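The structure appears below as structure tokens.
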Amino acid sequence: MATYVISDLHGDYNGYKSILKQITFNKSDTLYINGDVLDRGSYGLKILLDMMLKPNIYPIFGNHEYAAYQCLKFLMEEVTEDNIEKLDAGFLEGLLEWQSIGGQTTIDEFHKLNHDERQSILDYLEEFSLFETITVAGNDFVIVHAGLDNFNKSRPLEDYELHELIFKSPDYDKIYFDDKYLVTGHLPTRVIDKNPKPDHIYIKNNHIALDCGAGFGGQVGCICLDNFEEFYSKDI
């Protein structure tokens with residue numbers, strides 16, 4: 001019975017499954033997946049379909065899920081002259097931006113699914129939370145995809161807007177909370193300044209940064225919040 005967090009799988013289904021195998025994930029465990037399951041890699045939707053079968057997996061919204069959701073809703077519809085005419089410049093700009101950050105692999109995978117699978121994907125994305133606050137083994141954790149933009153210690157987490165939680169990474173040299181850990185993904189740890197172990201979990205100043213570069217040839221990282229044990233997809 002343990003609590004784990006993974007972030008930024010980016011379609012790496014083999015990495016995802018290797019982590020589940022290493023931690024011997026079972027019904028008594030809890031796993032938080034901290035955004036960016038989709039894009040870049042080829043099997044983000046395959047991961048989502050597997051996650052849906054496991055009620056003890058709790059997904060958190062990332063910027064790639066946000067981009068995908070906006071566009072996949074349209075791709076569910078039959079292409080007609082009427083709905084094409086309804087497309088505005090904002091949607092087309094969003095679609096092009098999504099493709100520029102790796103969304104084409106998700107589009108290709110989406111087209112291979114049947115209608116019920118596509119609808120289940122959209123329904124599941126609506127269940128993603130914006131953040132989670134939990135206590136494990138006496139330690140408190142705030143789990144959020146990117147960070148807490150416009151941060152103020154007195155500001156309730158519920159007051160943060162979606163864009164403040166999924167786009168901008170925190171300052172890893174700053175301590176946001178004295179009494180809890182801020183658990184994030186989004187920014188690959190290889191680009192954190194003075195990080196001695198690129199593509200590994202970075203822990204400093206009450207931060208736990210989990211994006212180990214799976215979308216850029218790195219690996220999937222996972223941490224057990226009970227004892228801070230780390231697991232990596234390339235360890236097997």
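Residues are referred to by chain and number: the chain letter is A, B, ... according to the order shown in the structure tokens, the number counts from 1 in that chain, and ligands are numbered separately from 1 in the order shown.
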Practice prompt. Taking the DSSP assignment computed from this structure's backbone, write out as a VMD selection string all residues of stretch 34-120 of chain A that belong to strand (DSSP E or B).
Written response: chain A and resid 57 to 60
Serialized selection, N, CA and C atoms, as an mmCIF file, in the first residue's frame:
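Resulting contents of selection08.cif:
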data_model
loop_
_atom_site.group_PDB
_atom_site.id
_atom_site.type_symbol
_atom_site.label_atom_id
_atom_site.label_comp_id
_atom_site.auth_asym_id
_atom_site.auth_seq_id
_atom_site.Cartn_x
_atom_site.Cartn_y
_atom_site.Cartn_z
ATOM 1 N N ILE A 57 -5.747 5.153 -10.141
ATOM 2 C CA ILE A 57 -4.896 6.123 -10.833
ATOM 3 C C ILE A 57 -5.657 7.437 -10.923
ATOM 4 N N TYR A 58 -5.004 8.512 -10.486
ATOM 5 C CA TYR A 58 -5.642 9.831 -10.461
ATOM 6 C C TYR A 58 -4.902 10.769 -11.416
ATOM 7 N N PRO A 59 -5.547 11.149 -12.524
ATOM 8 C CA PRO A 59 -4.885 11.995 -13.516
ATOM 9 C C PRO A 59 -5.050 13.483 -13.228
ATOM 10 N N ILE A 60 -4.010 14.231 -13.537
ATOM 11 C CA ILE A 60 -3.986 15.682 -13.354
ATOM 12 C C ILE A 60 -3.744 16.337 -14.710
#
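Proximity to stretch 219-236 of chain A at 6 Å, evaluated using only C-alpha atoms and with sequence-adjacent residues fewer than 6 positions away removed, yields Thr3, Tyr4, Val5, Ile6, Gly15, Ser18, Ile19, Val136, Ala137, Cys212 and Gly213 of chain A.
When the distance limit is 9 Å and only C-alpha atoms are what count, the residues near A:Tyr172, minus those fewer than 2 positions from it on the same chain, are Ser169, Pro170, Lys174, Ile175, Ile192, Asp193, Lys204, Asn205, Asn206, His207 and Ala209 of chain A.
Computed from the coordinates, the atom CA of A:Asp108 to atom CA of A:Ser7 distance equals 22.5 Å.
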Worksheet item: Between A:Thr30, A:Ser42, A:Asn14, A:Asn150, which one has atoms that come closest to A:Thr106, using only C-alpha atoms?
Response: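 Checking each candidate against A:Thr106, we get A:Ser42 as the closest.
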Worksheet item: If you count only C-alpha atoms, which residues fall within 12 Å of A:Trp98, apart from same-chain ones fewer than 5 positions away, as a list of chain:residue names?
Response: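 The residues that qualify are A:Leu38, A:Asp39, A:Arg40, A:Asn63, A:His64, A:Glu65, A:Tyr66, A:Ala67, A:Ala68, A:Tyr69, A:Gln70, A:Cys71, A:Leu72, A:Phe91, A:Leu92, A:Glu93, A:Gly103, A:Gln104, A:Thr105, A:Thr106, A:Ile107.
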Same residues, N, CA and C atoms, output as a PDB file, in the first residue's frame:
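As written to disk, result_8.pdb reads:
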ATOM      1  N   LEU A  38       0.024  12.789 -23.059  1.00  0.00           N
ATOM      2  CA  LEU A  38      -0.125  12.789 -24.517  1.00  0.00           C
ATOM      3  C   LEU A  38       1.044  13.454 -25.245  1.00  0.00           C
ATOM      4  N   ASP A  39       1.047  13.202 -26.600  1.00  0.00           N
ATOM      5  CA  ASP A  39       1.884  13.914 -27.577  1.00  0.00           C
ATOM      6  C   ASP A  39       3.348  13.462 -27.579  1.00  0.00           C
ATOM      7  N   ARG A  40       3.981  13.794 -28.687  1.00  0.00           N
ATOM      8  CA  ARG A  40       5.371  13.451 -28.980  1.00  0.00           C
ATOM      9  C   ARG A  40       5.528  11.946 -29.225  1.00  0.00           C
ATOM     10  N   ASN A  63      -0.673  20.779 -19.866  1.00  0.00           N
ATOM     11  CA  ASN A  63      -0.922  21.640 -21.018  1.00  0.00           C
ATOM     12  C   ASN A  63      -1.157  20.855 -22.291  1.00  0.00           C
ATOM     13  N   HIS A  64      -0.591  19.662 -22.401  1.00  0.00           N
ATOM     14  CA  HIS A  64      -0.821  18.858 -23.609  1.00  0.00           C
ATOM     15  C   HIS A  64      -2.234  18.276 -23.615  1.00  0.00           C
ATOM     16  N   GLU A  65      -2.765  17.906 -22.447  1.00  0.00           N
ATOM     17  CA  GLU A  65      -4.157  17.473 -22.392  1.00  0.00           C
ATOM     18  C   GLU A  65      -5.093  18.631 -22.733  1.00  0.00           C
ATOM     19  N   TYR A  66      -4.753  19.816 -22.266  1.00  0.00           N
ATOM     20  CA  TYR A  66      -5.564  20.996 -22.569  1.00  0.00           C
ATOM     21  C   TYR A  66      -5.619  21.241 -24.083  1.00  0.00           C
ATOM     22  N   ALA A  67      -4.453  21.213 -24.724  1.00  0.00           N
ATOM     23  CA  ALA A  67      -4.405  21.442 -26.171  1.00  0.00           C
ATOM     24  C   ALA A  67      -5.167  20.359 -26.911  1.00  0.00           C
ATOM     25  N   ALA A  68      -4.983  19.111 -26.487  1.00  0.00           N
ATOM     26  CA  ALA A  68      -5.648  17.995 -27.157  1.00  0.00           C
ATOM     27  C   ALA A  68      -7.159  18.090 -27.019  1.00  0.00           C
ATOM     28  N   TYR A  69      -7.627  18.368 -25.838  1.00  0.00           N
ATOM     29  CA  TYR A  69      -9.072  18.385 -25.603  1.00  0.00           C
ATOM     30  C   TYR A  69      -9.771  19.406 -26.485  1.00  0.00           C
ATOM     31  N   GLN A  70      -9.151  20.575 -26.646  1.00  0.00           N
ATOM     32  CA  GLN A  70      -9.765  21.611 -27.474  1.00  0.00           C
ATOM     33  C   GLN A  70      -9.949  21.143 -28.924  1.00  0.00           C
ATOM     34  N   CYS A  71      -9.008  20.366 -29.413  1.00  0.00           N
ATOM     35  CA  CYS A  71      -9.023  19.968 -30.825  1.00  0.00           C
ATOM     36  C   CYS A  71      -9.736  18.640 -31.055  1.00  0.00           C
ATOM     37  N   LEU A  72      -9.613  17.706 -30.137  1.00  0.00           N
ATOM     38  CA  LEU A  72     -10.218  16.394 -30.334  1.00  0.00           C
ATOM     39  C   LEU A  72     -11.734  16.459 -30.343  1.00  0.00           C
ATOM     40  N   PHE A  91      -9.288  28.688 -33.307  1.00  0.00           N
ATOM     41  CA  PHE A  91      -9.190  27.222 -33.310  1.00  0.00           C
ATOM     42  C   PHE A  91      -8.039  26.760 -34.190  1.00  0.00           C
ATOM     43  N   LEU A  92      -7.943  27.323 -35.392  1.00  0.00           N
ATOM     44  CA  LEU A  92      -6.889  26.911 -36.314  1.00  0.00           C
ATOM     45  C   LEU A  92      -5.506  27.228 -35.742  1.00  0.00           C
ATOM     46  N   GLU A  93      -5.396  28.352 -35.069  1.00  0.00           N
ATOM     47  CA  GLU A  93      -4.128  28.707 -34.428  1.00  0.00           C
ATOM     48  C   GLU A  93      -3.798  27.703 -33.322  1.00  0.00           C
ATOM     49  N   GLY A 103       1.528  17.297 -31.136  1.00  0.00           N
ATOM     50  CA  GLY A 103       0.167  16.788 -31.150  1.00  0.00           C
ATOM     51  C   GLY A 103      -0.189  15.883 -32.309  1.00  0.00           C
ATOM     52  N   GLN A 104       0.607  15.900 -33.386  1.00  0.00           N
ATOM     53  CA  GLN A 104       0.236  15.101 -34.559  1.00  0.00           C
ATOM     54  C   GLN A 104       0.199  13.610 -34.238  1.00  0.00           C
ATOM     55  N   THR A 105       1.081  13.150 -33.364  1.00  0.00           N
ATOM     56  CA  THR A 105       1.063  11.721 -33.003  1.00  0.00           C
ATOM     57  C   THR A 105      -0.255  11.351 -32.321  1.00  0.00           C
ATOM     58  N   THR A 106      -0.785  12.253 -31.508  1.00  0.00           N
ATOM     59  CA  THR A 106      -2.064  11.992 -30.844  1.00  0.00           C
ATOM     60  C   THR A 106      -3.209  12.032 -31.848  1.00  0.00           C
ATOM     61  N   ILE A 107      -3.166  12.956 -32.794  1.00  0.00           N
ATOM     62  CA  ILE A 107      -4.184  13.013 -33.842  1.00  0.00           C
ATOM     63  C   ILE A 107      -4.193  11.713 -34.640  1.00  0.00           C
TER      64      ILE A 107
END
Response to the item:
In terms of only C-alpha atoms, the residue from A:Asp199, A:Leu45, A:Asp12, A:Asp173 at minimal distance from A:Lys112 is A:Leu45
Worksheet item: Skipping near chain neighbours, those fewer than 2 positions away, what residues fall within 10 Å of A:Lys27 using only C-alpha atoms, listed as a count of residues only?
Response: 8
Item to complete: Taking the DSSP assignment computed from this structure's backbone, write out as a VMD selection string all residues of stretch 44-217 of chain A that belong to helix (DSSP H, G or I).
Response: chain A and resid 44 to 51 63 to 75 81 to 85 89 to 100 104 to 111 115 to 125 157 to 159 162 to 166 189 to 191 214 to 216
Can you write out the residues you just picked, keeping C-alpha atoms, as a PDB file, in the first residue's frame?
ATOM      1  CA  GLY A  44      -0.525   8.522 -25.344  1.00  0.00           C
ATOM      2  CA  LEU A  45      -4.103   7.429 -25.967  1.00  0.00           C
ATOM      3  CA  LYS A  46      -3.164   3.808 -25.361  1.00  0.00           C
ATOM      4  CA  ILE A  47      -1.866   4.906 -21.954  1.00  0.00           C
ATOM      5  CA  LEU A  48      -5.104   6.783 -21.247  1.00  0.00           C
ATOM      6  CA  LEU A  49      -7.189   3.739 -22.163  1.00  0.00           C
ATOM      7  CA  ASP A  50      -5.153   1.678 -19.698  1.00  0.00           C
ATOM      8  CA  MET A  51      -5.407   4.343 -16.990  1.00  0.00           C
ATOM      9  CA  ASN A  63      -0.922  21.640 -21.018  1.00  0.00           C
ATOM     10  CA  HIS A  64      -0.821  18.858 -23.609  1.00  0.00           C
ATOM     11  CA  GLU A  65      -4.157  17.473 -22.392  1.00  0.00           C
ATOM     12  CA  TYR A  66      -5.564  20.996 -22.569  1.00  0.00           C
ATOM     13  CA  ALA A  67      -4.405  21.442 -26.171  1.00  0.00           C
ATOM     14  CA  ALA A  68      -5.648  17.995 -27.157  1.00  0.00           C
ATOM     15  CA  TYR A  69      -9.072  18.385 -25.603  1.00  0.00           C
ATOM     16  CA  GLN A  70      -9.765  21.611 -27.474  1.00  0.00           C
ATOM     17  CA  CYS A  71      -9.023  19.968 -30.825  1.00  0.00           C
ATOM     18  CA  LEU A  72     -10.218  16.394 -30.334  1.00  0.00           C
ATOM     19  CA  LYS A  73     -13.761  17.593 -29.682  1.00  0.00           C
ATOM     20  CA  PHE A  74     -13.853  18.869 -33.269  1.00  0.00           C
ATOM     21  CA  LEU A  75     -12.221  15.729 -34.638  1.00  0.00           C
ATOM     22  CA  GLU A  81     -19.238  22.284 -44.923  1.00  0.00           C
ATOM     23  CA  ASP A  82     -21.257  23.664 -42.012  1.00  0.00           C
ATOM     24  CA  ASN A  83     -18.834  22.778 -39.222  1.00  0.00           C
ATOM     25  CA  ILE A  84     -15.813  23.742 -41.312  1.00  0.00           C
ATOM     26  CA  GLU A  85     -17.362  27.184 -41.766  1.00  0.00           C
ATOM     27  CA  ALA A  89      -8.904  31.667 -36.537  1.00  0.00           C
ATOM     28  CA  GLY A  90      -8.448  30.917 -32.844  1.00  0.00           C
ATOM     29  CA  PHE A  91      -9.190  27.222 -33.310  1.00  0.00           C
ATOM     30  CA  LEU A  92      -6.889  26.911 -36.314  1.00  0.00           C
ATOM     31  CA  GLU A  93      -4.128  28.707 -34.428  1.00  0.00           C
ATOM     32  CA  GLY A  94      -4.625  26.331 -31.501  1.00  0.00           C
ATOM     33  CA  LEU A  95      -4.506  23.305 -33.789  1.00  0.00           C
ATOM     34  CA  LEU A  96      -1.271  24.448 -35.421  1.00  0.00           C
ATOM     35  CA  GLU A  97       0.258  25.232 -32.031  1.00  0.00           C
ATOM     36  CA  TRP A  98      -0.733  21.795 -30.726  1.00  0.00           C
ATOM     37  CA  GLN A  99       0.847  20.134 -33.748  1.00  0.00           C
ATOM     38  CA  SER A 100       4.019  22.155 -33.194  1.00  0.00           C
ATOM     39  CA  GLN A 104       0.236  15.101 -34.559  1.00  0.00           C
ATOM     40  CA  THR A 105       1.063  11.721 -33.003  1.00  0.00           C
ATOM     41  CA  THR A 106      -2.064  11.992 -30.844  1.00  0.00           C
ATOM     42  CA  ILE A 107      -4.184  13.013 -33.842  1.00  0.00           C
ATOM     43  CA  ASP A 108      -2.918   9.997 -35.798  1.00  0.00           C
ATOM     44  CA  GLU A 109      -3.640   7.691 -32.867  1.00  0.00           C
ATOM     45  CA  PHE A 110      -7.099   9.207 -32.356  1.00  0.00           C
ATOM     46  CA  HIS A 111      -8.061   8.481 -35.960  1.00  0.00           C
ATOM     47  CA  HIS A 115     -16.170   6.072 -32.024  1.00  0.00           C
ATOM     48  CA  ASP A 116     -16.779   4.691 -28.533  1.00  0.00           C
ATOM     49  CA  GLU A 117     -13.066   4.768 -27.692  1.00  0.00           C
ATOM     50  CA  ARG A 118     -12.802   8.348 -28.913  1.00  0.00           C
ATOM     51  CA  GLN A 119     -15.757   9.415 -26.811  1.00  0.00           C
ATOM     52  CA  SER A 120     -14.389   7.634 -23.758  1.00  0.00           C
ATOM     53  CA  ILE A 121     -11.107   9.531 -24.181  1.00  0.00           C
ATOM     54  CA  LEU A 122     -12.933  12.874 -24.213  1.00  0.00           C
ATOM     55  CA  ASP A 123     -15.065  11.897 -21.231  1.00  0.00           C
ATOM     56  CA  TYR A 124     -11.980  10.797 -19.297  1.00  0.00           C
ATOM     57  CA  LEU A 125     -10.110  14.038 -19.993  1.00  0.00           C
ATOM     58  CA  LEU A 157      -5.137  26.841  -4.375  1.00  0.00           C
ATOM     59  CA  GLU A 158      -8.738  26.878  -5.569  1.00  0.00           C
ATOM     60  CA  ASP A 159      -8.282  30.499  -6.681  1.00  0.00           C
ATOM     61  CA  LEU A 162      -6.104  26.824 -15.233  1.00  0.00           C
ATOM     62  CA  HIS A 163      -3.465  28.742 -17.198  1.00  0.00           C
ATOM     63  CA  GLU A 164      -1.620  29.529 -13.951  1.00  0.00           C
ATOM     64  CA  LEU A 165      -1.264  25.813 -13.205  1.00  0.00           C
ATOM     65  CA  ILE A 166      -0.342  24.175 -16.511  1.00  0.00           C
ATOM     66  CA  THR A 189      14.835  18.248 -15.312  1.00  0.00           C
ATOM     67  CA  ARG A 190      17.693  18.300 -17.828  1.00  0.00           C
ATOM     68  CA  VAL A 191      17.179  22.053 -18.228  1.00  0.00           C
ATOM     69  CA  ALA A 214      10.446  10.930 -21.828  1.00  0.00           C
ATOM     70  CA  GLY A 215       9.256  13.218 -24.617  1.00  0.00           C
ATOM     71  CA  PHE A 216      12.833  14.068 -25.613  1.00  0.00           C
TER      72      PHE A 216
END
Discussion item. If I take atom CA of A:Leu187 and atom CA of A:Thr24, how far is one from the other in Å, to one decimal?
Written reply: 27.2 Å
Worksheet entry | Shortest interatomic distance to A:Ser154 - which of A:Asn114, A:Leu31, A:Glu127, A:Phe177, counting only C-alpha atoms |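 Distance minimum relative to A:Ser154 lands on A:Phe177.
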Discussion item. So the first atom is atom CA of A:Lys17 and the second is atom CA of A:Leu53; what is the distance between them in Å, to one decimal place?
Written reply: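 Taking atom CA of A:Lys17 and atom CA of A:Leu53, their separation equals 13.7 Å.
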